[in-house]
file final00.txt (compact mmCIF, C-alpha atoms)
# COMPACT_ATOMS: atom_id res chain seq x y z
CA MET A 1 -17.34 -36.66 -118.20
CA GLN A 2 -15.65 -38.72 -115.52
CA PRO A 3 -13.99 -42.01 -116.47
CA ASP A 4 -16.09 -45.12 -115.99
CA PHE A 5 -16.65 -45.93 -112.31
CA ILE A 6 -15.76 -49.61 -112.72
CA GLN A 7 -12.44 -48.71 -114.31
CA ARG A 8 -11.65 -46.17 -111.58
CA LEU A 9 -12.44 -48.76 -108.93
CA ARG A 10 -10.26 -51.29 -110.73
CA ASN A 11 -7.41 -48.76 -110.90
CA ALA A 12 -7.72 -47.92 -107.20
CA GLN A 13 -7.57 -51.59 -106.27
CA HIS A 14 -4.63 -52.28 -108.56
CA GLU A 15 -2.58 -49.39 -107.14
CA THR A 16 -2.92 -50.59 -103.56
CA GLY A 17 -3.39 -54.30 -104.12
CA SER A 18 -6.41 -53.94 -101.88
CA LEU A 19 -10.16 -54.59 -101.85
CA VAL A 20 -10.56 -52.83 -98.50
CA CYS A 21 -12.88 -49.90 -97.97
CA VAL A 22 -12.57 -48.03 -94.67
CA GLY A 23 -15.79 -46.87 -93.08
CA LEU A 24 -15.19 -43.39 -91.67
CA ASP A 25 -17.94 -43.45 -89.04
CA PRO A 26 -16.65 -41.16 -86.28
CA ASP A 27 -18.32 -41.64 -82.89
CA LEU A 28 -17.12 -39.10 -80.35
CA SER A 29 -17.54 -41.55 -77.48
CA LYS A 30 -15.07 -43.93 -79.17
CA ILE A 31 -12.47 -41.43 -80.36
CA PRO A 32 -9.38 -41.69 -78.14
CA VAL A 33 -9.43 -39.38 -75.13
CA SER A 34 -5.93 -38.19 -75.95
CA LEU A 35 -7.21 -36.74 -79.22
CA ARG A 36 -10.39 -35.27 -77.74
CA GLN A 37 -8.35 -33.38 -75.18
CA GLN A 38 -6.47 -31.53 -77.93
CA TYR A 39 -9.54 -29.83 -79.42
CA ASP A 40 -12.21 -27.54 -78.08
CA SER A 41 -15.12 -28.69 -80.26
CA PRO A 42 -16.59 -32.02 -81.37
CA THR A 43 -16.34 -31.10 -85.05
CA SER A 44 -12.63 -30.22 -84.78
CA THR A 45 -12.03 -33.53 -83.01
CA VAL A 46 -13.87 -35.50 -85.69
CA LEU A 47 -12.03 -33.81 -88.51
CA ALA A 48 -8.65 -34.43 -86.86
CA PHE A 49 -9.58 -38.08 -86.26
CA ASN A 50 -10.69 -38.59 -89.87
CA LYS A 51 -7.57 -36.93 -91.22
CA ALA A 52 -5.33 -39.15 -89.08
CA ILE A 53 -7.14 -42.31 -90.19
CA ILE A 54 -7.00 -41.37 -93.87
CA THR A 55 -3.30 -40.52 -93.72
CA ALA A 56 -2.45 -43.73 -91.89
CA THR A 57 -4.52 -46.15 -94.00
CA SER A 58 -4.38 -44.77 -97.53
CA SER A 59 -1.55 -47.09 -98.60
CA TYR A 60 -3.61 -50.17 -97.73
CA VAL A 61 -7.12 -49.38 -98.98
CA CYS A 62 -8.85 -48.53 -102.24
CA ALA A 63 -11.87 -46.63 -100.91
CA TYR A 64 -13.50 -44.79 -98.03
CA LYS A 65 -17.17 -44.93 -97.06
CA LEU A 66 -18.68 -42.16 -94.98
CA ASN A 67 -21.97 -42.93 -93.24
CA SER A 68 -23.78 -39.59 -93.24
CA ALA A 69 -25.55 -40.28 -89.93
CA PHE A 70 -22.31 -39.86 -88.01
CA TYR A 71 -21.96 -36.36 -89.46
CA GLU A 72 -25.60 -35.26 -89.34
CA VAL A 73 -25.67 -35.93 -85.61
CA LEU A 74 -23.09 -33.17 -85.17
CA GLY A 75 -25.63 -30.54 -86.19
CA LYS A 76 -25.20 -27.77 -88.73
CA GLU A 77 -21.40 -28.10 -88.81
CA GLY A 78 -21.57 -31.84 -89.39
CA PHE A 79 -22.36 -31.53 -93.07
CA ASP A 80 -19.34 -29.30 -93.54
CA ILE A 81 -17.19 -31.93 -91.83
CA LEU A 82 -18.58 -34.55 -94.20
CA LYS A 83 -17.64 -32.45 -97.23
CA THR A 84 -14.23 -31.53 -95.84
CA THR A 85 -13.44 -35.15 -95.06
CA LEU A 86 -14.31 -36.16 -98.62
CA GLU A 87 -11.91 -33.50 -99.86
CA LEU A 88 -9.12 -34.97 -97.71
CA ILE A 89 -9.36 -38.36 -99.40
CA PRO A 90 -6.72 -38.85 -102.13
CA MET A 91 -7.98 -38.48 -105.69
CA ASN A 92 -6.99 -42.03 -106.59
CA LYS A 93 -9.40 -43.51 -104.02
CA ILE A 94 -13.12 -44.16 -104.35
CA CYS A 95 -15.26 -41.93 -102.10
CA LEU A 96 -18.62 -43.39 -101.13
CA VAL A 97 -21.37 -41.64 -99.16
CA ASP A 98 -23.42 -44.17 -97.23
CA SER A 99 -26.70 -42.30 -96.88
CA LYS A 100 -29.17 -45.05 -97.86
CA ARG A 101 -31.49 -42.58 -99.53
CA GLY A 102 -34.78 -43.82 -100.88
CA ASP A 103 -37.63 -41.50 -101.82
CA ILE A 104 -39.93 -40.49 -104.69
CA GLY A 105 -38.39 -39.23 -107.91
CA ASN A 106 -38.34 -35.46 -107.34
CA THR A 107 -36.92 -35.84 -103.84
CA ALA A 108 -34.50 -38.56 -104.89
CA SER A 109 -33.12 -36.30 -107.61
CA LYS A 110 -32.28 -33.68 -104.97
CA TYR A 111 -30.57 -36.27 -102.79
CA ALA A 112 -28.58 -37.46 -105.81
CA SER A 113 -27.55 -33.93 -106.72
CA THR A 114 -26.36 -33.30 -103.16
CA ILE A 115 -24.20 -36.41 -103.17
CA PHE A 116 -22.76 -36.16 -106.67
CA ASP A 117 -22.85 -32.45 -107.53
CA TYR A 118 -22.22 -30.81 -104.16
CA LEU A 119 -20.23 -33.43 -102.26
CA ASN A 120 -18.53 -34.77 -105.42
CA ALA A 121 -18.72 -38.35 -104.16
CA ASP A 122 -18.03 -41.24 -106.50
CA ALA A 123 -20.78 -43.48 -105.19
CA CYS A 124 -23.60 -43.77 -102.69
CA THR A 125 -25.97 -46.31 -101.17
CA VAL A 126 -29.66 -46.36 -102.11
CA ALA A 127 -32.68 -47.92 -100.40
CA PRO A 128 -34.93 -49.46 -103.08
CA TYR A 129 -38.18 -49.97 -101.15
CA MET A 130 -40.03 -47.28 -103.14
CA GLY A 131 -39.07 -48.92 -106.41
CA THR A 132 -37.75 -47.47 -109.63
CA ASP A 133 -38.49 -43.88 -108.58
CA ALA A 134 -36.08 -44.23 -105.66
CA ILE A 135 -33.23 -45.72 -107.71
CA LYS A 136 -33.19 -44.11 -111.15
CA PRO A 137 -32.04 -40.54 -110.22
CA PHE A 138 -28.85 -41.95 -108.68
CA LEU A 139 -27.95 -43.76 -111.90
CA GLU A 140 -28.06 -40.68 -114.09
CA TYR A 141 -24.55 -39.45 -113.20
CA PRO A 142 -21.86 -40.62 -115.64
CA GLY A 143 -18.81 -42.01 -113.91
CA CYS A 144 -20.60 -42.51 -110.59
CA ALA A 145 -22.29 -45.50 -108.98
CA ALA A 146 -25.29 -46.33 -106.85
CA PHE A 147 -25.02 -49.38 -104.59
CA ILE A 148 -28.53 -50.71 -104.02
CA LEU A 149 -29.38 -52.36 -100.70
CA VAL A 150 -30.00 -55.92 -101.86
CA ARG A 151 -29.05 -58.26 -98.99
CA THR A 152 -27.88 -56.38 -95.94
CA SER A 153 -25.75 -57.60 -93.05
CA ASN A 154 -28.05 -56.62 -90.15
CA PRO A 155 -29.95 -59.47 -88.42
CA SER A 156 -33.42 -57.95 -88.93
CA GLY A 157 -32.84 -57.75 -92.69
CA ASP A 158 -34.50 -61.16 -92.87
CA GLU A 159 -37.82 -59.65 -91.84
CA LEU A 160 -38.33 -58.25 -95.35
CA GLN A 161 -35.48 -59.37 -97.58
CA SER A 162 -36.19 -63.08 -97.15
CA LEU A 163 -39.94 -62.85 -97.74
CA LYS A 164 -41.02 -65.28 -100.46
CA ILE A 165 -42.86 -64.16 -103.58
CA ASP A 166 -43.79 -67.05 -105.87
CA GLY A 167 -41.12 -69.09 -104.10
CA GLN A 168 -38.35 -66.53 -104.56
CA SER A 169 -36.87 -64.25 -101.90
CA LEU A 170 -37.66 -60.55 -102.14
CA TYR A 171 -33.97 -59.59 -102.23
CA LYS A 172 -33.61 -61.43 -105.54
CA TYR A 173 -36.40 -59.33 -107.05
CA VAL A 174 -34.62 -56.22 -105.82
CA ALA A 175 -31.36 -57.36 -107.40
CA GLU A 176 -33.00 -57.98 -110.76
CA LEU A 177 -34.85 -54.66 -110.68
CA ALA A 178 -31.65 -52.74 -109.93
CA TYR A 179 -29.60 -54.62 -112.49
CA THR A 180 -32.16 -54.19 -115.26
CA LEU A 181 -32.71 -50.53 -114.45
CA GLY A 182 -29.01 -49.80 -114.55
CA GLN A 183 -28.36 -51.20 -118.02
CA PRO A 184 -29.44 -48.21 -120.17
CA LEU A 185 -28.39 -45.47 -117.76
CA SER A 186 -25.06 -43.66 -117.59
CA GLY A 187 -24.17 -44.45 -113.96
CA SER A 188 -23.03 -47.81 -112.65
CA VAL A 189 -25.26 -49.99 -110.50
CA GLY A 190 -23.83 -52.05 -107.66
CA PHE A 191 -25.25 -54.21 -104.90
CA VAL A 192 -24.83 -53.98 -101.15
CA VAL A 193 -24.54 -57.61 -100.03
CA GLY A 194 -23.51 -58.49 -96.49
CA ALA A 195 -20.73 -60.90 -95.66
CA THR A 196 -22.94 -62.31 -92.88
CA ASN A 197 -24.97 -64.26 -95.44
CA PRO A 198 -22.26 -66.21 -97.30
CA GLU A 199 -24.50 -68.56 -99.26
CA GLU A 200 -26.64 -65.74 -100.58
CA LEU A 201 -23.55 -63.67 -101.32
CA CYS A 202 -22.13 -66.46 -103.45
CA ARG A 203 -25.48 -67.08 -105.15
CA LEU A 204 -25.81 -63.44 -106.12
CA ARG A 205 -22.29 -63.45 -107.56
CA GLN A 206 -23.18 -66.44 -109.72
CA GLU A 207 -26.25 -64.66 -111.05
CA TYR A 208 -24.56 -61.24 -111.48
CA PRO A 209 -20.93 -62.05 -112.25
CA GLU A 210 -19.89 -58.53 -113.30
CA THR A 211 -21.84 -56.34 -110.88
CA PRO A 212 -19.69 -54.57 -108.26
CA PHE A 213 -20.54 -55.55 -104.68
CA LEU A 214 -20.15 -53.39 -101.60
CA ILE A 215 -19.75 -55.91 -98.80
CA PRO A 216 -20.32 -54.81 -95.20
CA GLY A 217 -20.32 -57.07 -92.17
CA ILE A 218 -16.61 -57.85 -91.91
CA GLY A 219 -15.03 -57.44 -88.49
CA ALA A 220 -17.40 -56.42 -85.70
CA GLN A 221 -20.40 -58.06 -87.40
CA GLY A 222 -18.63 -61.39 -87.87
CA GLY A 223 -18.79 -61.67 -91.65
CA HIS A 224 -17.18 -64.53 -93.56
CA LEU A 225 -13.89 -63.67 -95.29
CA ASN A 226 -13.84 -66.96 -97.20
CA ALA A 227 -17.11 -66.16 -98.94
CA VAL A 228 -15.88 -62.66 -99.74
CA ALA A 229 -12.73 -64.08 -101.34
CA THR A 230 -14.85 -66.44 -103.43
CA VAL A 231 -16.89 -63.61 -104.98
CA ALA A 232 -13.88 -61.34 -105.62
CA THR A 233 -13.46 -62.26 -109.27
CA SER A 234 -11.62 -60.38 -111.98
CA LYS A 235 -14.92 -59.38 -113.59
CA GLY A 236 -17.03 -58.80 -110.51
CA LEU A 237 -15.17 -56.32 -108.31
CA VAL A 238 -15.89 -56.06 -104.60
CA LEU A 239 -15.42 -53.37 -101.98
CA VAL A 240 -14.96 -54.97 -98.58
CA ASN A 241 -15.97 -52.49 -95.93
CA SER A 242 -14.67 -52.43 -92.38
CA SER A 243 -15.48 -49.54 -90.06
CA ARG A 244 -15.13 -50.23 -86.33
CA GLY A 245 -12.58 -52.98 -86.86
CA ILE A 246 -10.16 -50.48 -88.40
CA ILE A 247 -10.84 -46.99 -87.10
CA TYR A 248 -11.31 -48.16 -83.49
CA ALA A 249 -8.60 -50.81 -83.53
CA SER A 250 -7.13 -49.03 -80.49
CA ASP A 251 -8.04 -46.14 -78.21
CA CYS A 252 -4.43 -45.33 -77.34
CA GLN A 253 -2.56 -42.22 -78.40
CA ASN A 254 -1.15 -43.76 -81.57
CA PHE A 255 -4.55 -45.07 -82.66
CA ASP A 256 -3.74 -44.27 -86.28
CA THR A 257 -0.88 -46.77 -86.31
CA PHE A 258 -3.20 -49.49 -85.07
CA ALA A 259 -5.76 -48.51 -87.71
CA ALA A 260 -3.10 -48.78 -90.42
CA ASN A 261 -2.09 -52.22 -89.15
CA ALA A 262 -5.71 -53.39 -89.10
CA ALA A 263 -6.28 -52.17 -92.66
CA ARG A 264 -3.09 -53.83 -93.86
CA ASP A 265 -3.93 -57.10 -92.10
CA LEU A 266 -7.41 -57.21 -93.64
CA ARG A 267 -5.96 -56.49 -97.07
CA ASP A 268 -3.36 -59.21 -96.70
CA SER A 269 -5.84 -61.77 -95.32
CA LEU A 270 -8.18 -61.22 -98.25
CA ASN A 271 -5.36 -61.43 -100.77
CA GLN A 272 -4.09 -64.65 -99.24
CA LEU A 273 -7.54 -66.23 -99.40
CA ILE A 274 -8.05 -65.11 -102.99
CA SER A 275 -4.64 -66.48 -103.94
CA THR A 276 -5.47 -69.80 -102.29
CA ASP A 277 -8.82 -70.01 -104.09
CA ALA A 278 -7.15 -69.31 -107.43
CA SER A 279 -4.48 -72.00 -107.01
call {"tool": "encode", "arguments": {"input": "final00.txt", "output": "structure tokens"}}
result
Amino acid sequence: MQPDFIQRLRNAQHETGSLVCVGLDPDLSKIPVSLRQQYDSPTSTVLAFNKAIITATSSYVCAYKLNSAFYEVLGKEGFDILKTTLELIPMNKICLVDSKRGDIGNTASKYASTIFDYLNADACTVAPYMGTDAIKPFLEYPGCAAFILVRTSNPSGDELQSLKIDGQSLYKYVAELAYTLGQPLSGSVGFVVGATNPEELCRLRQEYPETPFLIPGIGAQGGHLNAVATVATSKGLVLVNSSRGIIYASDCQNFDTFAANAARDLRDSLNQLISTDAS
């Protein structure tokens, strides 16, 4: 049995002094031309890009998140690149597959097995719209975690997540369902909560002080670092994801150096804000 996910996340953050999670979302059109010219296939280019980013940033981050869409689009070889990239990530980091799966129980169990048994990921994202059936299979893996989409960072999230039921927003019902469901199961439950909704982010932290949060929306989406620092408590760990802001920090030949600098700067900015809040 793997060690508890929360403890492994805590260890990864302590070793690097970082809450930063790098989103490895390789888009061929954005990978530097200098790198593309060195390889004769898209998959070789993507793998080389991912390897360079991981090597350059690993000292400054605690986790990596791979959005499966950026690998599936590469066709039959894309899934192999996804698995190979996960294997390149150091053992002391958290590996998260961002696949946003959400289906009926039998299908969900196959998705969960793919992510945790075949890919050997530590965590994944789960879409809860189909209810308990869509969530439970992902919480049956000891030492792993499922981050449930509670309050996302995309603008159209309001169309459903802010709908009122008996005066309460739908996202709050989702949070309570996920939290309650996760209590008796062997996996850890976390919430995906965007940094673009700072008031709701802080409110959810107050209501779920020990639940780990995966926080997208920093960087290109304009999320609020101050709110993120506020919810980064000793009990309630957070993973602060940045994808484009780090991996595409530059399109020059030494893009990996710029990525490392961006990861370090985000780490240091968060730590400074947390230190200021604590004083």
call {"tool": "closest_atom_pairs", "arguments": {"input": "final00.txt", "of": "range 48-122 of chain A", "to": "range 184-190 of chain A", "cutoff": "12 Å", "atoms": "only C-alpha atoms", "output": "tab-separated table"}}
result
residue	atom	partner	partner_atom	distance
A:Ala112	CA	A:Gly187	CA	11.6
A:Phe116	CA	A:Gly187	CA	11.1
A:Asp122	CA	A:Gly187	CA	10.2
call {"tool": "residues_around", "arguments": {"input": "final00.txt", "residues": "Ile274 in chain A", "least_positions_apart": "2", "cutoff": "12 Å", "atoms": "all atoms listed in the file", "output": "list of chain:residue names"}}
result
A:Gly17, A:Ser18, A:Leu19, A:Leu225, A:Asn226, A:Ala227, A:Val228, A:Ala229, A:Thr230, A:Val231, A:Ala232, A:Thr233, A:Ser234, A:Arg267, A:Asp268, A:Ser269, A:Leu270, A:Asn271, A:Gln272, A:Thr276, A:Asp277, A:Ala278, A:Ser279
call {"tool": "residues_around", "arguments": {"input": "final00.txt", "residues": "Phe191 in chain A", "least_positions_apart": "3", "cutoff": "7 Å", "atoms": "only C-alpha atoms", "output": "compact mmCIF listing (two decimals) with C-alpha atoms, keeping the file's coordinate frame"}}
result
# COMPACT_ATOMS: atom_id res chain seq x y z
CA PHE A 147 -25.02 -49.38 -104.59
CA ILE A 148 -28.53 -50.71 -104.02
CA LEU A 149 -29.38 -52.36 -100.70
CA VAL A 150 -30.00 -55.92 -101.86
CA PRO A 212 -19.69 -54.57 -108.26
CA PHE A 213 -20.54 -55.55 -104.68
CA LEU A 214 -20.15 -53.39 -101.60
call {"tool": "closest_residue", "arguments": {"input": "final00.txt", "among": "A:Gly236, A:Pro137, A:Pro42, A:Gly78", "to": "Tyr208 in chain A", "atoms": "all atoms listed in the file"}}
result
A:Gly236
call {"tool": "residues_near_point", "arguments": {"input": "final00.txt", "point": "(-8.3, -46.8, -77.3)", "cutoff": "10 Å", "atoms": "only C-alpha atoms", "output": "mmCIF file with C-alpha atoms, keeping the file's coordinate frame"}}
result
data_model
loop_
_atom_site.group_PDB
_atom_site.id
_atom_site.type_symbol
_atom_site.label_atom_id
_atom_site.label_comp_id
_atom_site.auth_asym_id
_atom_site.auth_seq_id
_atom_site.Cartn_x
_atom_site.Cartn_y
_atom_site.Cartn_z
ATOM 1 C CA LYS A 30 -15.070 -43.930 -79.170
ATOM 2 C CA ILE A 31 -12.470 -41.430 -80.360
ATOM 3 C CA PRO A 32 -9.380 -41.690 -78.140
ATOM 4 C CA VAL A 33 -9.430 -39.380 -75.130
ATOM 5 C CA SER A 34 -5.930 -38.190 -75.950
ATOM 6 C CA TYR A 248 -11.310 -48.160 -83.490
ATOM 7 C CA ALA A 249 -8.600 -50.810 -83.530
ATOM 8 C CA SER A 250 -7.130 -49.030 -80.490
ATOM 9 C CA ASP A 251 -8.040 -46.140 -78.210
ATOM 10 C CA CYS A 252 -4.430 -45.330 -77.340
ATOM 11 C CA GLN A 253 -2.560 -42.220 -78.400
ATOM 12 C CA ASN A 254 -1.150 -43.760 -81.570
ATOM 13 C CA PHE A 255 -4.550 -45.070 -82.660
ATOM 14 C CA PHE A 258 -3.200 -49.490 -85.070
#
call {"tool": "residues_around", "arguments": {"input": "final00.txt", "residues": "Lys136 in chain A", "least_positions_apart": "3", "cutoff": "12 Å", "atoms": "all atoms listed in the file", "output": "ChimeraX atom specification"}}
result
/A:101-109,111-112,126-128,130-133,139-141,145-148,177-189
call {"tool": "residues_near_point", "arguments": {"input": "final00.txt", "point": "(-22.5, -67.9, -96.8)", "cutoff": "10 Å", "atoms": "only C-alpha atoms", "output": "ChimeraX atom specification"}}
result
/A:194-203,223-228
call {"tool": "closest_residue", "arguments": {"input": "final00.txt", "among": "A:Ser99, A:Asn154, A:Gln206, A:Thr257", "to": "Ile54 in chain A", "atoms": "only C-alpha atoms"}}
result
A:Thr257
call {"tool": "atom_distance", "arguments": {"input": "final00.txt", "atom1": "CA of Ser153 in chain A", "atom2": "CA of Pro216 in chain A"}}
result
6.5 Å
call {"tool": "atom_distance", "arguments": {"input": "final00.txt", "atom1": "CA of Asn261 in chain A", "atom2": "CA of Lys235 in chain A"}}
result
28.5 Å
call {"tool": "atom_distance", "arguments": {"input": "final00.txt", "atom1": "CA of Thr57 in chain A", "atom2": "CA of Ala259 in chain A"}}
result
6.8 Å
call {"tool": "closest_residue", "arguments": {"input": "final00.txt", "among": "A:Glu72, A:Asp256, A:Val240, A:Arg151", "to": "Lys51 in chain A", "atoms": "all atoms listed in the file"}}
result
A:Asp256
call {"tool": "residues_around", "arguments": {"input": "final00.txt", "residues": "Ala123 in chain A", "least_positions_apart": "2", "cutoff": "7 Å", "atoms": "all atoms listed in the file", "output": "PyMOL selection string"}}
result
chain A and resi 95-97+121+144-146
call {"tool": "closest_residue", "arguments": {"input": "final00.txt", "among": "A:Leu237, A:Val174, A:Cys62, A:Ile6", "to": "Lys93 in chain A", "atoms": "only C-alpha atoms"}}
result
A:Cys62
call {"tool": "closest_residue", "arguments": {"input": "final00.txt", "among": "A:Val73, A:Ile218, A:Val61, A:Val192", "to": "Leu9 in chain A", "atoms": "only C-alpha atoms"}}
result
A:Val61
call {"tool": "axis_aligned_box", "arguments": {"input": "final00.txt", "around": "range 187-194 of chain A", "padding_each_side": "8 Å", "output": "JSON"}}
result
{"center_x": -24.1, "center_y": -51.5, "center_z": -105.2, "size_x": 18.2, "size_y": 30.0, "size_z": 33.5}
call {"tool": "residues_around", "arguments": {"input": "final00.txt", "residues": "Ala260 in chain A", "least_positions_apart": "3", "cutoff": "9 Å", "atoms": "all atoms listed in the file", "output": "NGL selection string"}}
result
:A and (53 or 55-60 or 246-247 or 255-257 or 263-265)
